[in-house]
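Since the structure comes first, as structure tokens, the remarks are kept for the end.
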Amino acid sequence: MVDLTINNIETSMPEGSTILEAAKSLGIHIPTLCHLDLHDIKMVNQVGTCRVCMVEVEGRRNLLPSCSTLVTPGMVIHTNTKRAVRARRMIVELLLSNHPRECLICNRNQNCELQSLSAELGIREIRYKGPRLHTDKDTSSYSIVRNAEKCVLCRRCETMCNTVQTVGVYSAVHRGFETVIGPAFDKPMLDTACTFCGQCVSVCPTGALTETNDAADVWDAISDPDKIVIAQTAPAVRVALGEAFGLPIGTSVTGKMVAALRRMGFDKVMDTDFAADLTIMEEASEMIHRIQHNGRLPILTSCCPAWVKFIEHQFPSLLDIPSTCKSPHEMFGAIAKTYLAEKLGMDPEKIVVVSIMPCLAKKFEAKREELSGKEIGSNVDYVISTRELARMIREAGISFTSLPDEDFDDVMGESTGASVIFGTTGGVIEAAVRTAAAWLDKDNPSPQIEFKALRGIEGIREAEVEIAGMKLSIAIAHGLGNARKLLTDIRDGKVQYHAIEIMACPSGCVGGGGQPYHGNNIEVLRKRAGALYSEDESKTLRRSHENPQIQKLYEEFLGEPYGELAHELLHTHYHERDML
Amino acid sequence: MSSGTGQVRIALRNCGVIDPESIKDYIATDGYDALAKALFDMSPDEVVETVKKSGLRGRGGAGFPTGIKWETARRSESDIKYVLCNADEGDPGAFMDRSVLEGDPHCVLEAMAICGYAIGASQGIIYVRAEYPLAVKRLQIAIEQATDMGLLGDNILGSGFSFNVRLYFGAGAFVCGEETSLMNSVQGGRGEPRLKPPFPAVKGLWDKPTNINNVETYANVAQIIRNGWEWFRQFGTEKSPGTKVFALAGKVNNVGLVEVPMGTPLRVIIEDIGGGIRNNKKFKAAQTGGPSGGCIPAEHLDTPIEYESLISLGSMMGSGGMIVLDEDDCMVGISKFYLTFTAEESCGKCTPCRIGNVRLLEILDRITEGKGEEKDMDDLENLGNTIKDTALCGLGQSSPNPIISTLRYFSDEYKEHIYHKRCPAGSCSKLIGYKILPDKCTGCTVCARNCPVSCISGERKKVHVIDQERCIKCGVCFSKCRFKAIVRG
């Protein structure tokens, strides 16, 4: 332990603690900006670049950054002296002097760490009037908008992208006042190895990195009388949307969400969970097929588009291991524009499928050429994130919290507990195992439902599951850095598994790049996941193949799982992509 | 040792004396003696102790005691350690290290090997500017020759100690002279500083303990080991032993490198060695320490030069740039010159240096354009001091020094610019103008014929007039007029 004094209060802290941590333990608040510590997912941005958290330490010539200065024995620290407070204010003034200050029309208005900091410090004047840095907005990608003018160079995105996700798109380029964080050679984001996981957006303190806004196109479609607009909602959306309306974290708002979508004017409100059950039918079949026919193992889940793009760029030699299944919302789109269209007597060309996703990579995925059919066009027409949906609900003047609970529309609205847990790490593989267990262990009247060994928050998890006397070894990774470790070991033949689930975002889709901002608190993600597991428990049907609407779909339309029509509509292929 | 008025050559002892491309020349002047002495007659601890007792301090800028660095690196436990040489000399007008590398490359190699032996490292890297092609060439030759003769490489002189040196070329970013930025650059990363602590001696290059000194510091080491720390301490002062090389430039009669014992008064360097101010002009200030330093006015000319005294005068030793300014130099303009340099060379990592320096520069710009406001001097001082107090690395922490020191000694000059829109030195082009005195003009037409923008009109033998709108204030007419009919003001 290290003894020290902060603001005349004596305390002792474990060795290796920072001044900021010591102050926090005493209830002393020191304003910060660049600092970010998401311990659970091993992301610590401790670069000391913003110089907001400066404090005075006796015996030291200069002020020191409390976020990155370790405590030493006998240290005497003052956090709120005139000198420290003045310096802090001046630093924020400098940042603001180079900021567009268009807060009223900014995507992050009222949800911006720079704005809050300025308010907290009571900045009322910016003494420095010099010109700002002008850069072009990068709107090249379908997922992320990069506006370097709003960047404060906190480097969080860089740490997230390079250290946690190991994708390495961002770094500081140019020098001095012209320094910006961006891709090498000033490439547009679309031409980089970016997976569009959106984790950079999740940690950006300002409006420098935001989601692309597809709300206007969706409103246009809704107001077009010739179109039949179908909304489908991903599992993770329902356990996070409530946060945007002040409901407690971890509240499931499925019924209100459905009601809101109907009031917004969607013609049909259906569930991606239905398609998640469909995915399990195909994926479990593919898994059993590969195991029973000595096919390529392990099989990798393919629901996560960021992860798919990651493997295409980073591990092209392993492109034969992911499942060929399309992701659930793409399967939904393909079925909506064929089976549903036929069933309801609608012209597929008039159907507009809007996916509401916790994810930004789904926006890119929807534009993939291989995910559109000749007759039906794109499987999915528009993707909006949870954050965009929240904004649209407000825009429509809907009082969300006072809405009644409503049910999804029929045909593609029913879902099982298995599909609900798709939204969290371990959920997809557990859903697949539930169905595989039931199929393989036909004589067992009550095959196992919950496979708790597959749950958890460790970045890489391994588990052995016994089904019908067969031992399946399974691995799970969330976060692309963890995925890289796992894939490297597979490529090098160091490990062998039957099946692997990978989700690009730490904690899975509950922590997706399109979710309401978690406020730098990972506990939020855990509560969202908890809400998914509760919803699963509360369902009568908890295995995908038990979904009656799914059974009907195969009977009436698709035929056999993993059969010919299923292949045409529900499976895809991957291709190698360059690193630069 | 002594050459010329008051000069003592330790770091530069072989420069211009030996053939730098011949290791035999170096050996003939007792080269590699010190390495042999260290390897066979001294333990690593004794080497560290000798350097510590010599009181040698870093010649690159901050003056940190070299022996303490070596000791820390020696005590840091690790399978691999590095000896780094900072040859990324970047101050405008400074060429001390370049001269050592071009004139006596072996003295740096020898010192690095001694350091490797002392701290337990077998790998040395010299980070040298690619813009120093001759230095690079001579270092390459020296490394090859020393390796051929068994003075570098495996099992040096049969001692069992191995040490290799390789070069790494810097691309010219000023901030890479900052030690942690330099290490990032060697590792292939962006040249920007790391947080300290951990210090390089504990966690440096590739996170291994690393000793980093600059060229001139190393250039003293072999002499200290060979002649003993007591010998070294006979030069210089108690707190700053030894000598310092300065690149003397500006308005003195003799410009070039000088090496003087620490404690030599500024006056001796400027008047005795430098031969006084050119053209019998009046001395105004000496700028030391380059972009990180400040200006020392005439009243402090007798201050003995050492690390602490320069800091107390608001300047610093820096790497040894010394620019002498006379009455024609505008102190606001000088601040602007240096700040333009640092603002451009900022790596952009921390807020105060990235944005603060640019904002300071904008204020200076305004002042020199006659748009200064009353509050500008306060803003300069407050912002400057905050940048010093909060910047991440030495570059930002010292970048406002030229402003702070000129505000301290030459505030009247700032006030003249701000309140009277006048540049007393007549150097801020937006604040000066040229006028023809009608009673002195003879109408000789010389001014009109030499004006590059043809803005002077007037008939032969009649009074000429300058069109102030079109005048670019180049001063050609002023210098060409033989009748003192043109005045500046």
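Chains: A, B, ... in order of the structure tokens. Residues: from 1 per chain. Ligands: from 1, in order shown.
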Would you please extract all helix (DSSP H, G or I) residues from range 327-548 of chain A, as assigned by DSSP on the backbone, and give them as a PyMOL selection string? chain A and resi 328-344+348-350+361-365+369-371+386-395+400-402+417-423+427-440+452-454+480-491+508-511+523-538+544-546+548
Please extract the residues of range 138-262 of chain A with a backbone DSSP assignment of strand (DSSP E or B) and present them as a PDB file with N, CA and C atoms, in the first residue's frame.
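result.pdb, freshly written:
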```pdb
ATOM      1  N   ASP A 138     -15.950  12.321 -43.673  1.00  0.00           N
ATOM      2  CA  ASP A 138     -15.884  11.057 -44.402  1.00  0.00           C
ATOM      3  C   ASP A 138     -17.224  10.340 -44.276  1.00  0.00           C
ATOM      4  N   ILE A 144     -20.398   4.369 -40.659  1.00  0.00           N
ATOM      5  CA  ILE A 144     -19.807   5.323 -39.724  1.00  0.00           C
ATOM      6  C   ILE A 144     -19.500   6.637 -40.434  1.00  0.00           C
ATOM      7  N   VAL A 145     -19.839   7.742 -39.793  1.00  0.00           N
ATOM      8  CA  VAL A 145     -19.463   9.060 -40.314  1.00  0.00           C
ATOM      9  C   VAL A 145     -18.316   9.580 -39.469  1.00  0.00           C
ATOM     10  N   ARG A 146     -17.249   9.979 -40.139  1.00  0.00           N
ATOM     11  CA  ARG A 146     -16.094  10.488 -39.416  1.00  0.00           C
ATOM     12  C   ARG A 146     -15.957  11.986 -39.687  1.00  0.00           C
ATOM     13  N   SER A 171      -5.158   5.832 -36.743  1.00  0.00           N
ATOM     14  CA  SER A 171      -3.949   6.306 -36.079  1.00  0.00           C
ATOM     15  C   SER A 171      -3.879   7.807 -36.308  1.00  0.00           C
ATOM     16  N   ALA A 172      -3.007   8.459 -35.557  1.00  0.00           N
ATOM     17  CA  ALA A 172      -2.842   9.895 -35.738  1.00  0.00           C
ATOM     18  C   ALA A 172      -2.097  10.116 -37.051  1.00  0.00           C
ATOM     19  N   VAL A 173      -2.607  11.027 -37.862  1.00  0.00           N
ATOM     20  CA  VAL A 173      -1.910  11.391 -39.098  1.00  0.00           C
ATOM     21  C   VAL A 173      -1.731  12.910 -39.158  1.00  0.00           C
ATOM     22  N   VAL A 180      -4.966  14.741 -37.182  1.00  0.00           N
ATOM     23  CA  VAL A 180      -6.296  14.137 -37.099  1.00  0.00           C
ATOM     24  C   VAL A 180      -6.114  12.636 -36.869  1.00  0.00           C
ATOM     25  N   ILE A 181      -7.165  12.010 -36.371  1.00  0.00           N
ATOM     26  CA  ILE A 181      -7.131  10.557 -36.223  1.00  0.00           C
ATOM     27  C   ILE A 181      -7.907   9.989 -37.401  1.00  0.00           C
ATOM     28  N   GLY A 182      -7.263   9.131 -38.147  1.00  0.00           N
ATOM     29  CA  GLY A 182      -7.966   8.596 -39.314  1.00  0.00           C
ATOM     30  C   GLY A 182      -7.215   7.432 -39.908  1.00  0.00           C
ATOM     31  N   LEU A 209     -17.177  10.728 -34.289  1.00  0.00           N
ATOM     32  CA  LEU A 209     -17.519   9.445 -34.899  1.00  0.00           C
ATOM     33  C   LEU A 209     -18.970   9.137 -34.548  1.00  0.00           C
ATOM     34  N   THR A 210     -19.801   9.040 -35.565  1.00  0.00           N
ATOM     35  CA  THR A 210     -21.216   8.760 -35.322  1.00  0.00           C
ATOM     36  C   THR A 210     -21.704   7.756 -36.354  1.00  0.00           C
ATOM     37  N   GLU A 211     -22.932   7.269 -36.137  1.00  0.00           N
ATOM     38  CA  GLU A 211     -23.527   6.356 -37.105  1.00  0.00           C
ATOM     39  C   GLU A 211     -24.041   7.165 -38.286  1.00  0.00           C
ATOM     40  N   ILE A 228     -44.975  -1.316 -48.911  1.00  0.00           N
ATOM     41  CA  ILE A 228     -45.353  -2.008 -47.679  1.00  0.00           C
ATOM     42  C   ILE A 228     -44.071  -2.108 -46.860  1.00  0.00           C
ATOM     43  N   VAL A 229     -44.056  -1.379 -45.774  1.00  0.00           N
ATOM     44  CA  VAL A 229     -42.806  -1.274 -45.013  1.00  0.00           C
ATOM     45  C   VAL A 229     -42.869  -2.193 -43.787  1.00  0.00           C
ATOM     46  N   ILE A 230     -41.906  -3.114 -43.733  1.00  0.00           N
ATOM     47  CA  ILE A 230     -41.886  -4.094 -42.640  1.00  0.00           C
ATOM     48  C   ILE A 230     -40.695  -3.799 -41.720  1.00  0.00           C
ATOM     49  N   ALA A 231     -40.985  -3.669 -40.430  1.00  0.00           N
ATOM     50  CA  ALA A 231     -39.889  -3.497 -39.475  1.00  0.00           C
ATOM     51  C   ALA A 231     -39.571  -4.849 -38.859  1.00  0.00           C
ATOM     52  N   GLN A 232     -38.269  -5.106 -38.675  1.00  0.00           N
ATOM     53  CA  GLN A 232     -37.868  -6.291 -37.899  1.00  0.00           C
ATOM     54  C   GLN A 232     -36.871  -5.820 -36.849  1.00  0.00           C
ATOM     55  N   THR A 233     -36.985  -6.391 -35.660  1.00  0.00           N
ATOM     56  CA  THR A 233     -36.160  -5.885 -34.559  1.00  0.00           C
ATOM     57  C   THR A 233     -35.262  -6.978 -34.001  1.00  0.00           C
TER      58      THR A 233
END
```
Distance cut-off 9 Å, counting only C-alpha atoms - which residues of chain A neighbour chain B? Return them as an MDAnalysis selection string. chainID A and resid 47:52 54 61:65 68:70 83 86:88 90:92 94:95 97:98 127:130 152:154 171:180
Restricting the calculation to only C-alpha atoms, which member of B:Leu205, B:Cys423, B:Met112, B:Gly333 is positioned closest to Gly188 in chain B?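 Of the candidates, the smallest distance to Gly188 in chain B is held by B:Leu205.
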Restricting the calculation to only C-alpha atoms, which member of A:Ile550, A:Ala215, A:Ile77, A:Met264 is positioned closest to Glu414 in chain A? A:Ile550
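As for CA of Arg166 in chain B and CA of Ala34 in chain B, they are spaced 21.0 Å apart.
Candidate residues A:Ser17, A:Asn520, A:Ser399, A:Asn111 were compared for distance to Lys256 in chain A, and the nearest is A:Ser399, using only C-alpha atoms.
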Quick one, how far is CA of Asp441 in chain A from CA of Gln549 in chain A? 23.2 Å
I'd like a table as a Markdown table: residues in range 231-282 of chain B with an atom no more than 8 Å from range 6-15 of chain B, each row giving the shortest atom pair and its distance in Å to one decimal, only C-alpha atoms counted, sorted by chain and rising residue number.
```
| residue | atom | partner | partner_atom | distance |
| --- | --- | --- | --- | --- |
| B:Thr243 | CA | B:Val8 | CA | 7.0 |
| B:Val245 | CA | B:Ala11 | CA | 7.6 |
| B:Val258 | CA | B:Gln7 | CA | 6.9 |
| B:Glu259 | CA | B:Gln7 | CA | 5.5 |
| B:Val260 | CA | B:Gln7 | CA | 4.6 |
| B:Pro261 | CA | B:Val8 | CA | 6.3 |
| B:Val268 | CA | B:Gly6 | CA | 7.9 |
| B:Ile273 | CA | B:Gly6 | CA | 7.7 |
```
What separation in Å, quoted to one decimal, exists between CA of Thr195 in chain A and CA of Glu113 in chain A?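 It comes out at 25.3 Å.
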Quick one: everything within 9 Å of Gly228 in chain B, counting only C-alpha atoms, minus sequence neighbours fewer than 3 positions away in the same chain. Send it as an NGL selection string. :B and (50-51 or 54 or 223-225 or 231-232)
Shortest contact to Glu89 in chain B, candidates B:Asn214, B:Ser399, B:Thr72, B:Gln140, atoms counted only C-alpha atoms, goes to B:Asn214
Mind checking which residues fall within 10 Å of Lys137 in chain A, counting only C-alpha atoms, ignoring those fewer than 4 positions away in the same chain, and posting them as a count of residues only? 7
Which residues, written as a ChimeraX atom specification, have at least one atom at most 7 Å from Arg59 in chain B, with only C-alpha atoms counted and residues fewer than 5 positions away on the same chain left out? /B:214,216-217,319
With only C-alpha atoms as the counted atoms, please give the residues lying no more than 7 Å from range 257-261 of chain A, apart from itself and same-chain residues fewer than 4 positions off, as a ChimeraX atom specification. /A:238,253,265-266,269,393,400,403-408
